file query37.cif (mmCIF, C-alpha atoms and all ligand atoms)
data_target
#
loop_
_atom_site.label_atom_id
_atom_site.label_comp_id
_atom_site.auth_asym_id
_atom_site.auth_seq_id
_atom_site.Cartn_x
_atom_site.Cartn_y
_atom_site.Cartn_z
CA MET P 1424 5.03 64.68 -87.05
CA LYS P 1425 2.21 63.92 -84.60
CA LYS P 1426 1.19 67.55 -84.53
CA ASN P 1427 1.14 67.60 -88.30
CA THR P 1428 -1.12 64.53 -88.45
CA LEU P 1429 -3.41 66.05 -85.84
CA LEU P 1430 -3.64 69.26 -87.80
CA LYS P 1431 -4.42 67.34 -90.96
CA THR P 1432 -7.11 65.34 -89.16
CA ARG P 1433 -8.67 68.51 -87.81
CA ASN P 1434 -8.53 70.03 -91.23
CA VAL P 1435 -10.28 67.03 -92.76
CA LEU P 1436 -12.90 66.99 -89.99
CA ASN P 1437 -13.58 70.67 -90.53
CA LYS P 1438 -14.01 70.07 -94.24
CA ILE P 1439 -16.44 67.21 -93.59
CA LEU P 1440 -18.45 69.36 -91.21
CA ILE P 1441 -18.61 72.14 -93.78
CA LEU P 1442 -19.52 69.63 -96.46
CA PHE P 1443 -22.48 68.25 -94.56
CA PHE P 1444 -23.60 71.62 -93.35
CA LEU P 1445 -23.68 72.81 -96.94
CA ILE P 1446 -25.33 69.66 -98.20
CA SER P 1447 -28.10 69.88 -95.63
CA PHE P 1448 -28.49 73.62 -96.28
CA CYS P 1449 -28.74 73.11 -100.05
CA ALA P 1450 -31.07 70.15 -99.62
CA THR P 1451 -33.35 72.17 -97.37
CA PHE P 1452 -33.29 74.94 -99.92
CA SER P 1453 -34.09 72.43 -102.66
CA GLN P 1454 -37.02 70.91 -100.84
CA LYS P 1455 -38.52 74.28 -100.11
CA HIS P 1456 -38.49 75.00 -103.80
CA ASN P 1457 -39.72 71.55 -104.63
CA PHE P 1458 -36.38 70.57 -106.19
CA LYS P 1459 -34.86 67.21 -105.67
CA GLU P 1460 -31.22 68.11 -105.83
CA ILE P 1461 -28.27 68.59 -103.51
CA LYS P 1462 -25.05 70.30 -104.40
CA ILE P 1463 -21.72 68.69 -103.62
CA THR P 1464 -19.38 71.27 -102.21
CA GLU P 1465 -16.28 69.19 -101.45
CA PRO P 1466 -14.49 66.54 -103.52
CA ILE P 1467 -15.44 63.00 -102.61
CA CYS P 1468 -12.15 61.41 -103.64
CA THR P 1469 -8.81 62.93 -102.82
CA TYR P 1470 -6.35 60.86 -104.81
CA HIS P 1471 -2.92 60.27 -103.32
CA PRO P 1472 0.24 58.80 -104.81
CA ASP P 1473 1.29 55.37 -103.61
CA PRO P 1474 4.72 55.69 -101.90
CA GLU P 1475 5.80 52.39 -103.48
CA PRO P 1476 6.77 52.59 -107.17
CA PHE P 1477 5.00 50.22 -109.52
CA ASP P 1478 6.79 47.07 -110.66
CA LYS P 1479 6.92 47.69 -114.42
CA SER P 1480 7.15 44.01 -115.21
CA LYS P 1481 3.44 43.78 -114.41
CA ILE P 1482 2.32 46.45 -116.80
CA GLU P 1483 1.89 44.50 -120.02
CA ASN P 1484 -1.88 44.08 -119.91
CA LEU P 1485 -2.55 47.59 -118.65
CA ARG P 1486 -1.29 49.79 -121.44
CA LYS P 1487 -4.18 48.88 -123.64
CA SER P 1488 -6.78 51.56 -123.77
CA VAL P 1489 -10.23 50.98 -125.15
CA ASN P 1490 -10.58 51.08 -128.91
CA LEU P 1491 -10.92 54.76 -129.75
CA THR P 1492 -11.38 54.23 -133.48
CA ASN P 1493 -15.07 53.39 -133.06
CA SER P 1494 -17.65 56.14 -132.64
CA ALA P 1495 -17.95 57.60 -129.16
CA CYS P 1496 -21.13 56.78 -127.23
CA SER P 1497 -21.31 59.99 -125.22
CA ASN P 1498 -20.33 63.59 -125.62
CA PHE P 1499 -18.25 65.24 -122.90
CA VAL P 1500 -18.05 69.02 -122.92
CA VAL P 1501 -15.07 70.13 -120.87
CA ASN P 1502 -14.45 73.62 -119.59
CA TYR P 1503 -10.66 73.78 -119.17
CA ASP P 1504 -9.31 76.22 -116.62
CA GLY P 1505 -5.57 76.76 -116.14
CA PHE P 1506 -4.35 73.77 -118.17
CA THR P 1507 -1.09 73.65 -120.08
CA PRO P 1508 -1.50 72.30 -123.64
CA GLU P 1509 0.02 68.91 -122.73
CA ALA P 1510 -2.11 68.57 -119.56
CA GLN P 1511 -5.22 69.42 -121.57
CA ALA P 1512 -4.33 66.89 -124.28
CA ALA P 1513 -3.90 64.15 -121.66
CA PHE P 1514 -7.14 65.13 -119.92
CA GLN P 1515 -8.99 65.05 -123.24
CA TYR P 1516 -7.55 61.60 -123.95
CA ALA P 1517 -8.99 60.30 -120.66
CA VAL P 1518 -12.32 61.94 -121.51
CA ASP P 1519 -12.28 60.20 -124.89
CA ILE P 1520 -11.76 56.84 -123.19
CA TRP P 1521 -14.85 57.31 -121.01
CA ALA P 1522 -16.79 58.59 -124.04
CA HIS P 1523 -16.11 55.23 -125.69
CA ILE P 1524 -17.27 53.25 -122.66
CA ILE P 1525 -20.44 54.84 -121.37
CA GLU P 1526 -23.47 55.87 -123.36
CA SER P 1527 -25.59 58.95 -122.77
CA PRO P 1528 -27.89 60.95 -125.04
CA VAL P 1529 -27.18 64.07 -122.95
CA PRO P 1530 -23.87 65.97 -123.05
CA ILE P 1531 -21.75 65.41 -119.94
CA ASN P 1532 -20.41 68.75 -118.77
CA VAL P 1533 -17.13 68.81 -116.88
CA ASN P 1534 -15.55 71.78 -115.18
CA ALA P 1535 -11.83 70.98 -114.99
CA LYS P 1536 -9.23 73.00 -113.13
CA PHE P 1537 -5.47 72.69 -113.20
CA GLU P 1538 -4.36 74.48 -110.07
CA VAL P 1539 -2.14 74.31 -106.99
CA LEU P 1540 -3.44 71.68 -104.56
CA GLY P 1541 -2.04 70.18 -101.36
CA GLN P 1542 1.45 68.78 -101.60
CA ASN P 1543 0.49 65.12 -101.58
CA THR P 1544 -2.67 65.43 -103.65
CA LEU P 1545 -2.83 64.40 -107.29
CA GLY P 1546 -6.35 65.53 -107.93
CA SER P 1547 -9.95 65.20 -106.95
CA ALA P 1548 -13.38 65.14 -108.50
CA SER P 1549 -17.03 64.72 -107.69
CA PRO P 1550 -20.44 65.00 -109.25
CA GLU P 1551 -21.56 68.63 -109.30
CA THR P 1552 -24.90 67.66 -107.78
CA LEU P 1553 -26.89 64.63 -106.75
CA ASN P 1554 -30.43 64.36 -108.00
CA THR P 1555 -33.49 62.28 -107.50
CA ILE P 1556 -36.78 61.89 -109.23
CA SER P 1557 -39.73 59.56 -108.97
CA GLY P 1558 -41.95 58.03 -111.59
CA VAL P 1559 -39.32 57.52 -114.29
CA PRO P 1560 -38.61 53.96 -115.36
CA GLY P 1561 -35.07 52.88 -114.52
CA ILE P 1562 -34.65 55.41 -111.74
CA ASP P 1563 -34.78 54.24 -108.14
CA PRO P 1564 -37.01 56.89 -106.54
CA ASN P 1565 -35.27 56.38 -103.19
CA ALA P 1566 -31.72 56.97 -104.42
CA TRP P 1567 -29.53 59.96 -105.18
CA TYR P 1568 -28.01 59.86 -108.66
CA PRO P 1569 -24.87 61.76 -109.70
CA ALA P 1570 -25.87 64.55 -112.07
CA ALA P 1571 -24.45 63.01 -115.26
CA LEU P 1572 -26.16 59.66 -114.63
CA TYR P 1573 -29.39 61.34 -113.64
CA GLU P 1574 -29.43 63.22 -116.94
CA LYS P 1575 -28.66 60.03 -118.85
CA LEU P 1576 -31.62 58.28 -117.21
CA LEU P 1577 -33.90 61.25 -117.63
CA GLY P 1578 -32.75 61.78 -121.22
CA GLN P 1579 -32.43 65.51 -120.78
CA ASP P 1580 -30.25 68.14 -119.23
CA ARG P 1581 -31.25 69.25 -115.76
CA GLY P 1582 -30.85 72.89 -114.93
CA GLU P 1583 -33.33 73.48 -112.19
CA PHE P 1584 -30.57 74.46 -109.83
CA GLY P 1585 -29.21 77.23 -111.98
CA GLY P 1586 -26.43 75.36 -113.72
CA THR P 1587 -25.74 72.52 -116.06
CA ASN P 1588 -22.28 71.38 -114.99
CA ASP P 1589 -22.26 67.67 -114.11
CA ILE P 1590 -18.75 66.92 -112.85
CA LYS P 1591 -16.13 69.11 -111.24
CA ALA P 1592 -12.52 68.04 -111.22
CA SER P 1593 -9.31 69.61 -110.01
CA PHE P 1594 -5.72 68.50 -110.59
CA ASN P 1595 -2.48 69.59 -108.99
CA SER P 1596 -0.48 71.84 -111.32
CA ASN P 1597 2.51 71.60 -108.96
CA PHE P 1598 2.82 67.84 -109.39
CA ASP P 1599 5.38 66.46 -111.83
CA PHE P 1600 3.01 64.27 -113.88
CA TYR P 1601 3.70 62.19 -116.96
CA PHE P 1602 1.50 63.63 -119.73
CA GLY P 1603 2.22 61.03 -122.42
CA LEU P 1604 -0.74 59.14 -123.87
CA ASP P 1605 0.99 55.79 -124.25
CA GLY P 1606 0.47 54.42 -120.74
CA ASN P 1607 4.19 54.13 -120.25
CA PRO P 1608 5.23 56.61 -117.55
CA PRO P 1609 8.91 56.46 -116.60
CA SER P 1610 9.79 55.37 -113.07
CA GLY P 1611 9.13 58.11 -110.59
CA LYS P 1612 6.36 59.78 -112.61
CA HIS P 1613 2.60 59.50 -112.19
CA ASP P 1614 0.48 58.94 -115.28
CA PHE P 1615 -1.89 61.88 -115.72
CA VAL P 1616 -4.26 60.05 -118.10
CA SER P 1617 -4.82 57.30 -115.50
CA ILE P 1618 -5.41 59.86 -112.76
CA VAL P 1619 -7.97 61.81 -114.78
CA LEU P 1620 -9.67 58.56 -115.81
CA HIS P 1621 -9.94 57.60 -112.12
CA GLU P 1622 -11.34 60.93 -111.01
CA LEU P 1623 -13.87 61.07 -113.82
CA GLY P 1624 -14.95 57.60 -112.67
CA HIS P 1625 -15.98 59.15 -109.33
CA GLY P 1626 -17.68 62.03 -111.07
CA LEU P 1627 -19.70 59.60 -113.18
CA GLY P 1628 -20.89 57.58 -110.21
CA PHE P 1629 -18.23 55.45 -108.54
CA VAL P 1630 -19.04 57.10 -105.27
CA GLY P 1631 -20.91 56.20 -102.12
CA PHE P 1632 -22.08 58.34 -99.27
CA ALA P 1633 -21.02 56.31 -96.24
CA ARG P 1634 -18.94 58.36 -93.84
CA LYS P 1635 -17.78 58.58 -90.27
CA ASN P 1636 -19.27 61.15 -87.94
CA GLU P 1637 -17.42 60.93 -84.63
CA LEU P 1638 -18.52 57.64 -83.08
CA VAL P 1639 -21.12 56.58 -85.62
CA GLY P 1640 -21.34 55.85 -89.31
CA GLU P 1641 -23.78 57.66 -91.56
CA LEU P 1642 -25.05 56.73 -94.98
CA ARG P 1643 -27.94 58.84 -96.15
CA SER P 1644 -28.34 62.51 -96.87
CA ASN P 1645 -31.90 63.76 -96.61
CA ASN P 1646 -33.10 60.20 -96.16
CA ARG P 1647 -31.59 58.95 -99.39
CA ALA P 1648 -28.49 56.91 -100.14
CA LEU P 1649 -26.56 57.12 -103.40
CA ILE P 1650 -27.29 54.60 -106.14
CA TYR P 1651 -23.78 53.15 -105.48
CA ASP P 1652 -24.86 52.32 -101.92
CA ASN P 1653 -27.68 50.12 -103.26
CA TYR P 1654 -25.05 47.58 -104.31
CA ILE P 1655 -22.93 47.36 -101.15
CA GLN P 1656 -23.18 44.43 -98.75
CA ASN P 1657 -21.02 42.40 -96.39
CA ASN P 1658 -20.00 38.79 -96.93
CA GLU P 1659 -23.19 37.58 -95.22
CA ASN P 1660 -25.53 39.24 -97.73
CA VAL P 1661 -26.38 42.08 -95.34
CA SER P 1662 -26.99 45.20 -97.42
CA ILE P 1663 -25.53 48.41 -96.05
CA LEU P 1664 -28.97 49.94 -96.61
CA SER P 1665 -30.44 47.64 -93.95
CA LEU P 1666 -28.27 49.00 -91.12
CA PRO P 1667 -29.61 51.72 -88.80
CA ASP P 1668 -28.50 55.15 -90.00
CA PRO P 1669 -26.70 56.73 -88.24
CA SER P 1670 -25.36 53.96 -86.04
CA VAL P 1671 -22.35 52.31 -84.51
CA GLU P 1672 -23.19 49.29 -86.68
CA LEU P 1673 -22.72 51.43 -89.79
CA LEU P 1674 -19.35 52.69 -88.58
CA THR P 1675 -18.35 49.09 -87.86
CA ALA P 1676 -19.44 48.07 -91.36
CA ILE P 1677 -17.51 50.80 -93.16
CA THR P 1678 -14.37 49.99 -91.20
CA SER P 1679 -14.83 46.21 -91.34
CA ASN P 1680 -12.59 45.37 -94.29
CA ASN P 1681 -15.59 43.25 -95.24
CA LEU P 1682 -17.77 45.12 -97.74
CA PHE P 1683 -18.37 44.10 -101.33
CA SER P 1684 -20.30 45.17 -104.38
CA ASN P 1685 -23.17 42.86 -105.28
CA SER P 1686 -23.78 44.57 -108.64
CA PRO P 1687 -24.76 41.48 -110.67
CA THR P 1688 -22.80 42.42 -113.79
CA ALA P 1689 -19.70 43.33 -111.76
CA VAL P 1690 -19.95 39.99 -109.98
CA THR P 1691 -20.30 38.15 -113.30
CA GLN P 1692 -17.24 39.98 -114.58
CA ASN P 1693 -15.35 38.94 -111.46
CA ALA P 1694 -15.93 35.23 -112.11
CA ASN P 1695 -18.94 35.21 -109.77
CA ILE P 1696 -16.96 36.55 -106.83
CA LEU P 1697 -18.24 39.71 -105.14
CA PRO P 1698 -15.62 42.41 -105.81
CA LYS P 1699 -14.29 43.93 -102.62
CA ILE P 1700 -14.70 47.57 -101.57
CA TYR P 1701 -11.91 49.43 -99.72
CA THR P 1702 -12.96 49.68 -96.07
CA PRO P 1703 -9.82 49.70 -93.89
CA SER P 1704 -10.17 49.57 -90.10
CA GLU P 1705 -9.52 53.29 -89.79
CA PHE P 1706 -12.03 55.31 -91.80
CA ASN P 1707 -10.23 57.53 -94.27
CA GLN P 1708 -12.37 60.29 -95.75
CA GLY P 1709 -11.55 60.52 -99.44
CA SER P 1710 -10.36 56.92 -99.72
CA SER P 1711 -12.56 54.56 -97.71
CA TYR P 1712 -15.71 53.07 -99.19
CA SER P 1713 -15.72 54.71 -102.64
CA HIS P 1714 -12.92 52.59 -104.13
CA TRP P 1715 -12.13 48.99 -104.92
CA ASP P 1716 -9.87 47.30 -102.37
CA GLU P 1717 -6.21 48.09 -103.02
CA PHE P 1718 -5.04 44.63 -101.97
CA VAL P 1719 -7.55 42.64 -104.02
CA PHE P 1720 -6.99 44.85 -107.07
CA PRO P 1721 -3.32 45.85 -106.75
CA ALA P 1722 -1.32 47.82 -109.29
CA GLY P 1723 -1.08 45.56 -112.31
CA ASN P 1724 -4.61 44.19 -111.99
CA SER P 1725 -6.86 45.11 -114.90
CA ASN P 1726 -9.49 46.45 -112.49
CA SER P 1727 -7.12 48.52 -110.38
CA LEU P 1728 -8.08 51.91 -111.81
CA MET P 1729 -10.65 52.61 -109.08
CA THR P 1730 -8.47 51.70 -106.08
CA PRO P 1731 -7.48 54.52 -103.67
CA ARG P 1732 -3.84 54.86 -104.69
CA ILE P 1733 -1.74 55.00 -107.84
CA ALA P 1734 1.98 54.33 -107.89
CA SER P 1735 4.57 56.12 -109.94
CA GLY P 1736 5.20 54.15 -113.11
CA GLU P 1737 1.68 52.68 -112.97
CA ALA P 1738 -0.75 53.23 -115.82
CA ASN P 1739 -4.27 52.05 -116.35
CA HIS P 1740 -6.14 53.26 -119.40
CA ASN P 1741 -9.19 51.07 -119.05
CA PRO P 1742 -11.52 51.05 -116.04
CA GLY P 1743 -11.79 47.27 -116.29
CA ASP P 1744 -14.71 44.93 -116.83
CA ILE P 1745 -15.75 44.78 -113.17
CA THR P 1746 -15.96 48.55 -112.87
CA ILE P 1747 -17.81 48.85 -116.18
CA GLY P 1748 -20.22 46.15 -115.00
CA PHE P 1749 -20.93 48.17 -111.85
CA PHE P 1750 -21.59 51.27 -113.97
CA LYS P 1751 -24.03 49.31 -116.09
CA ASP P 1752 -26.02 48.17 -113.08
CA MET P 1753 -26.13 51.67 -111.63
CA GLY P 1754 -27.90 52.75 -114.81
CA TRP P 1755 -25.29 53.75 -117.36
CA GLY P 1756 -25.61 52.61 -120.93
CA ILE P 1757 -22.48 50.81 -122.07
CA CYS P 1758 -21.06 51.18 -125.56
CA SER P 1759 -22.30 48.24 -127.58
CA THR P 1760 -18.81 47.54 -128.87
CA LEU P 1761 -17.98 46.36 -125.37
CA SER P 1762 -21.02 44.04 -125.43
CA ILE P 1763 -21.19 43.91 -121.69
CA ASP P 1764 -24.89 43.09 -121.96
CA GLU P 1765 -23.91 39.74 -123.31
CA VAL P 1766 -21.18 38.66 -120.95
CA ASN P 1767 -22.97 35.65 -119.67
CA VAL P 1768 -23.05 33.17 -122.46
CA SER P 1769 -22.02 30.28 -120.26
CA SER P 1770 -24.77 28.07 -121.62
CA ASN P 1771 -22.90 27.97 -124.91
CA ILE P 1772 -19.43 27.30 -123.52
CA ASN P 1773 -18.16 24.69 -121.14
CA VAL P 1774 -14.63 24.32 -119.78
CA TRP P 1775 -13.59 20.81 -118.77
CA PRO P 1776 -12.07 19.30 -116.71
CA ASN P 1777 -12.22 21.72 -113.82
CA PRO P 1778 -10.08 21.31 -111.75
CA PHE P 1779 -7.49 20.47 -114.39
CA THR P 1780 -3.94 19.19 -114.37
CA ASP P 1781 -2.23 19.47 -117.77
CA HIS P 1782 -4.90 20.29 -120.34
CA ILE P 1783 -8.31 21.91 -120.76
CA THR P 1784 -11.01 21.18 -123.28
CA ILE P 1785 -13.39 24.01 -124.19
CA ARG P 1786 -16.69 22.72 -125.56
CA PHE P 1787 -19.12 24.80 -127.58
CA THR P 1788 -22.69 24.59 -128.67
CA ASN P 1789 -24.27 26.82 -131.31
CA LEU P 1790 -21.10 28.78 -131.96
CA ASN P 1791 -21.50 31.03 -134.96
CA SER P 1792 -18.04 32.45 -135.32
CA ASN P 1793 -14.65 30.90 -135.77
CA LYS P 1794 -12.35 33.46 -134.15
CA LEU P 1795 -11.88 33.32 -130.41
CA GLN P 1796 -9.57 35.09 -128.01
CA ILE P 1797 -8.68 32.96 -125.02
CA LYS P 1798 -7.07 34.61 -122.04
CA LEU P 1799 -5.89 33.04 -118.84
CA ALA P 1800 -5.20 35.21 -115.80
CA ASP P 1801 -4.11 34.28 -112.31
CA ILE P 1802 -6.07 35.28 -109.21
CA LYS P 1803 -4.19 38.59 -109.01
CA GLY P 1804 -5.35 39.42 -112.52
CA SER P 1805 -1.92 38.98 -114.13
CA LEU P 1806 -2.20 37.64 -117.64
CA ILE P 1807 -0.69 34.17 -118.04
CA PHE P 1808 -1.39 33.87 -121.73
CA SER P 1809 -3.57 35.25 -124.48
CA LYS P 1810 -4.25 33.20 -127.62
CA GLN P 1811 -6.19 33.75 -130.80
CA VAL P 1812 -7.81 30.45 -131.65
CA THR P 1813 -9.47 29.49 -134.89
CA TYR P 1814 -12.41 27.22 -134.35
CA ASP P 1815 -12.64 24.69 -137.13
CA GLY P 1816 -16.26 23.71 -136.80
CA GLY P 1817 -15.80 20.89 -134.32
CA ASP P 1818 -17.41 21.08 -130.91
CA SER P 1819 -14.29 21.64 -128.83
CA ILE P 1820 -10.82 23.17 -128.59
CA ASN P 1821 -8.01 21.65 -126.57
CA LEU P 1822 -5.44 23.68 -124.63
CA ASN P 1823 -2.47 21.46 -123.86
CA ASP P 1824 0.88 22.03 -122.17
CA LEU P 1825 -0.63 23.44 -118.99
CA ASP P 1826 1.40 21.23 -116.67
CA ASN P 1827 3.93 24.03 -116.06
CA LEU P 1828 1.30 26.29 -114.47
CA GLN P 1829 1.51 26.62 -110.71
CA LYS P 1830 -1.32 25.08 -108.72
CA GLY P 1831 -4.07 27.55 -107.87
CA ILE P 1832 -7.08 29.48 -109.08
CA TYR P 1833 -7.17 31.01 -112.57
CA PHE P 1834 -9.72 32.91 -114.62
CA MET P 1835 -10.26 31.94 -118.22
CA THR P 1836 -11.92 34.52 -120.45
CA ILE P 1837 -13.10 33.49 -123.88
CA THR P 1838 -14.15 36.27 -126.24
CA ASN P 1839 -15.85 35.69 -129.54
CA THR P 1840 -14.00 38.34 -131.54
CA SER P 1841 -16.81 38.66 -134.10
CA SER P 1842 -19.70 39.24 -131.71
CA ASN P 1843 -17.67 40.31 -128.66
CA LEU P 1844 -19.57 37.77 -126.59
CA ARG P 1845 -17.47 37.09 -123.57
CA PHE P 1846 -17.41 34.28 -121.06
CA THR P 1847 -15.33 34.05 -117.91
CA GLU P 1848 -14.85 30.88 -115.90
CA LYS P 1849 -12.96 30.32 -112.67
CA ILE P 1850 -10.78 27.26 -113.08
CA VAL P 1851 -8.50 25.45 -110.66
CA LYS P 1852 -5.15 23.85 -111.37
CA TYR P 1853 -4.39 20.74 -109.27
ZN ZN X 1901 -10.55 57.95 -105.98
#
call {"tool": "encode", "arguments": {"input": "query37.cif", "output": "structure tokens"}}
result
Amino acid sequence: MKKNTLLKTRNVLNKILILFFLISFCATFSQKHNFKEIKITEPICTYHPDPEPFDKSKIENLRKSVNLTNSACSNFVVNYDGFTPEAQAAFQYAVDIWAHIIESPVPINVNAKFEVLGQNTLGSASPETLNTISGVPGIDPNAWYPAALYEKLLGQDRGEFGGTNDIKASFNSNFDFYFGLDGNPPSGKHDFVSIVLHELGHGLGFVGFARKNELVGELRSNNRALIYDNYIQNNENVSILSLPDPSVELLTAITSNNLFSNSPTAVTQNANILPKIYTPSEFNQGSSYSHWDEFVFPAGNSNSLMTPRIASGEANHNPGDITIGFFKDMGWGICSTLSIDEVNVSSNINVWPNPFTDHITIRFTNLNSNKLQIKLADIKGSLIFSKQVTYDGGDSINLNDLDNLQKGIYFMTITNTSSNLRFTEKIVKY
């Protein structure tokens, strides 16, 4: 057992060494030719199954995908290699979900393989390259951007490096996946759509560069961090970018269990709480740093797609508002049907009293529409109730019969179903 672990560790270390050798080689090559691009040669996420099966009683609010009847906002072009028809159909379904969430005027090219991978590996993915450019509005000249996002910001396909693929993804053809599209995998099976959705999330930009190199942590490659890294800080507002690189301090930070995203839209979507990044005390290449925290966003939470593990029986067909908010701040356009640009309409809505005991009054000013969706979730993200409310022109709505709720923190989300304006408030039950 010990020998096996040691071998695995050595194997991973070797891969990391090769990865960074290749990255620095390619970057040197790029600079010589005046290119600003590095090629990723190893997957950044290696997705593993959670040994614990998912408690299906929690699944109710996770089966919902995004609305695929609207027009897509981006065009993914997938090169399928080795897929069975049912695996390809499930992959395409996950692609369609992302195409209805993010907006890009440039086709997003994905090279997808269905092949034999390590026994405990579900799949992996990464951007094909990272790119940088200066002098273009909306692009941080000091950051690396994943290829697909770079092209979105630039408004044109790149191709300087001899290829146009943007994301590469690989999934384990030996794994007994569930290929249904309904988000209802039977116990013991892993939901392929959710897994592809997760991996594409990394390929599109949910990925940071922080890593362990023996006794120090490193962040940058060729003096640049990834755009993701721009939004990472600890709970004392210290940005990861401000730490010496490489340094022991950086290693401490990325194994501190104390890093968060400060992406403003993600924070707004998380009821003004900084969403936590997965940084366990032992650095785990392929899991640490480039995921949400598994314990803060456990299976069953609506933002659990981008955590490092997925359980059998678990499904998640929507990246979640916090993740989408992070994508927006990194530079992605978001489909207007999601209206994430307009999440903060708090000036028009007020929830009172807070803390509450048995009832809540929601007050409005300048409300144009009369159909509202009111959702209440507990701190773990589990839905307590969801109500359609018709607003009759008065200036408030009362929610009664709340005395049976347990004491604690809840999140109330109010969505104007006509305009999709959304408002989330943290409320406390006494
Ligand atoms: Zn991952």
call {"tool": "residues_around", "arguments": {"input": "query37.cif", "residues": "region 1781-1786 of chain P", "least_positions_apart": "2", "cutoff": "8 Å", "atoms": "only C-alpha atoms", "output": "MDAnalysis selection string"}}
result
chainID P and resid 1772:1777 1779 1788 1818:1827
call {"tool": "residues_near_ligand", "arguments": {"input": "query37.cif", "ligand": "ligand ZN 1901 (chain X)", "cutoff": "7 Å", "atoms": "all atoms listed in the file", "output": "CSV table (one decimal) with C-alpha atoms, in the coordinates of the input"}}
result
chain,number,residue,atom,x,y,z
P,1468,CYS,CA,-12.2,61.4,-103.6
P,1469,THR,CA,-8.8,62.9,-102.8
P,1470,TYR,CA,-6.4,60.9,-104.8
P,1621,HIS,CA,-9.9,57.6,-112.1
P,1622,GLU,CA,-11.3,60.9,-111.0
P,1625,HIS,CA,-16.0,59.2,-109.3
P,1710,SER,CA,-10.4,56.9,-99.7
P,1713,SER,CA,-15.7,54.7,-102.6
P,1714,HIS,CA,-12.9,52.6,-104.1
P,1729,MET,CA,-10.6,52.6,-109.1
P,1730,THR,CA,-8.5,51.7,-106.1
P,1731,PRO,CA,-7.5,54.5,-103.7
call {"tool": "closest_residue", "arguments": {"input": "query37.cif", "among": "P:Leu1642, P:Val1851, P:Ile1757, P:Ala1722", "to": "Pro1778 (chain P)", "atoms": "only C-alpha atoms"}}
result
P:Val1851
call {"tool": "residues_around", "arguments": {"input": "query37.cif", "residues": "Leu1638 (chain P)", "least_positions_apart": "2", "cutoff": "9 Å", "atoms": "only C-alpha atoms", "output": "MDAnalysis selection string"}}
result
chainID P and resid 1635:1636 1640 1670:1671 1674
call {"tool": "closest_residue", "arguments": {"input": "query37.cif", "among": "P:Met1835, P:Ile1745, P:Ala1734, P:Leu1627", "to": "Ser1610 (chain P)", "atoms": "only C-alpha atoms"}}
result
P:Ala1734
call {"tool": "atom_distance", "arguments": {"input": "query37.cif", "atom1": "CA of Thr1507 (chain P)", "atom2": "CA of Asn1543 (chain P)"}}
result
20.4 Å
call {"tool": "atom_distance", "arguments": {"input": "query37.cif", "atom1": "CA of Gln1515 (chain P)", "atom2": "CA of Val1630 (chain P)"}}
result
22.1 Å
call {"tool": "decode", "arguments": {"input": "query37.cif", "residues": "region 1550-1561 of chain P", "atoms": "N, CA and C atoms", "output": "mmCIF file, in the first residue's frame"}}
result
data_model
loop_
_atom_site.group_PDB
_atom_site.id
_atom_site.type_symbol
_atom_site.label_atom_id
_atom_site.label_comp_id
_atom_site.auth_asym_id
_atom_site.auth_seq_id
_atom_site.Cartn_x
_atom_site.Cartn_y
_atom_site.Cartn_z
ATOM 1 N N PRO P 1550 -7.075 23.898 -20.749
ATOM 2 C CA PRO P 1550 -6.972 24.720 -21.951
ATOM 3 C C PRO P 1550 -5.846 24.162 -22.814
ATOM 4 N N GLU P 1551 -5.963 24.297 -24.112
ATOM 5 C CA GLU P 1551 -4.894 23.846 -25.002
ATOM 6 C C GLU P 1551 -3.655 24.727 -24.812
ATOM 7 N N THR P 1552 -3.883 26.016 -24.717
ATOM 8 C CA THR P 1552 -2.776 26.953 -24.498
ATOM 9 C C THR P 1552 -3.230 28.037 -23.541
ATOM 10 N N LEU P 1553 -2.264 28.785 -23.052
ATOM 11 C CA LEU P 1553 -2.536 30.029 -22.327
ATOM 12 C C LEU P 1553 -1.936 31.152 -23.148
ATOM 13 N N ASN P 1554 -2.641 32.267 -23.175
ATOM 14 C CA ASN P 1554 -2.202 33.355 -24.050
ATOM 15 C C ASN P 1554 -2.246 34.681 -23.316
ATOM 16 N N THR P 1555 -1.484 35.604 -23.814
ATOM 17 C CA THR P 1555 -1.515 36.942 -23.248
ATOM 18 C C THR P 1555 -1.316 37.970 -24.347
ATOM 19 N N ILE P 1556 -1.866 39.109 -24.109
ATOM 20 C CA ILE P 1556 -1.721 40.187 -25.096
ATOM 21 C C ILE P 1556 -1.899 41.505 -24.371
ATOM 22 N N SER P 1557 -1.217 42.534 -24.850
ATOM 23 C CA SER P 1557 -1.376 43.839 -24.217
ATOM 24 C C SER P 1557 -2.089 44.788 -25.170
ATOM 25 N N GLY P 1558 -2.646 45.814 -24.599
ATOM 26 C CA GLY P 1558 -3.242 46.874 -25.406
ATOM 27 C C GLY P 1558 -4.646 46.599 -25.893
ATOM 28 N N VAL P 1559 -5.298 45.557 -25.377
ATOM 29 C CA VAL P 1559 -6.680 45.289 -25.771
ATOM 30 C C VAL P 1559 -7.582 45.519 -24.560
ATOM 31 N N PRO P 1560 -8.574 46.369 -24.714
ATOM 32 C CA PRO P 1560 -9.450 46.644 -23.574
ATOM 33 C C PRO P 1560 -10.065 45.361 -23.032
ATOM 34 N N GLY P 1561 -10.126 45.237 -21.723
ATOM 35 C CA GLY P 1561 -10.731 44.060 -21.107
ATOM 36 C C GLY P 1561 -9.754 42.936 -20.878
#
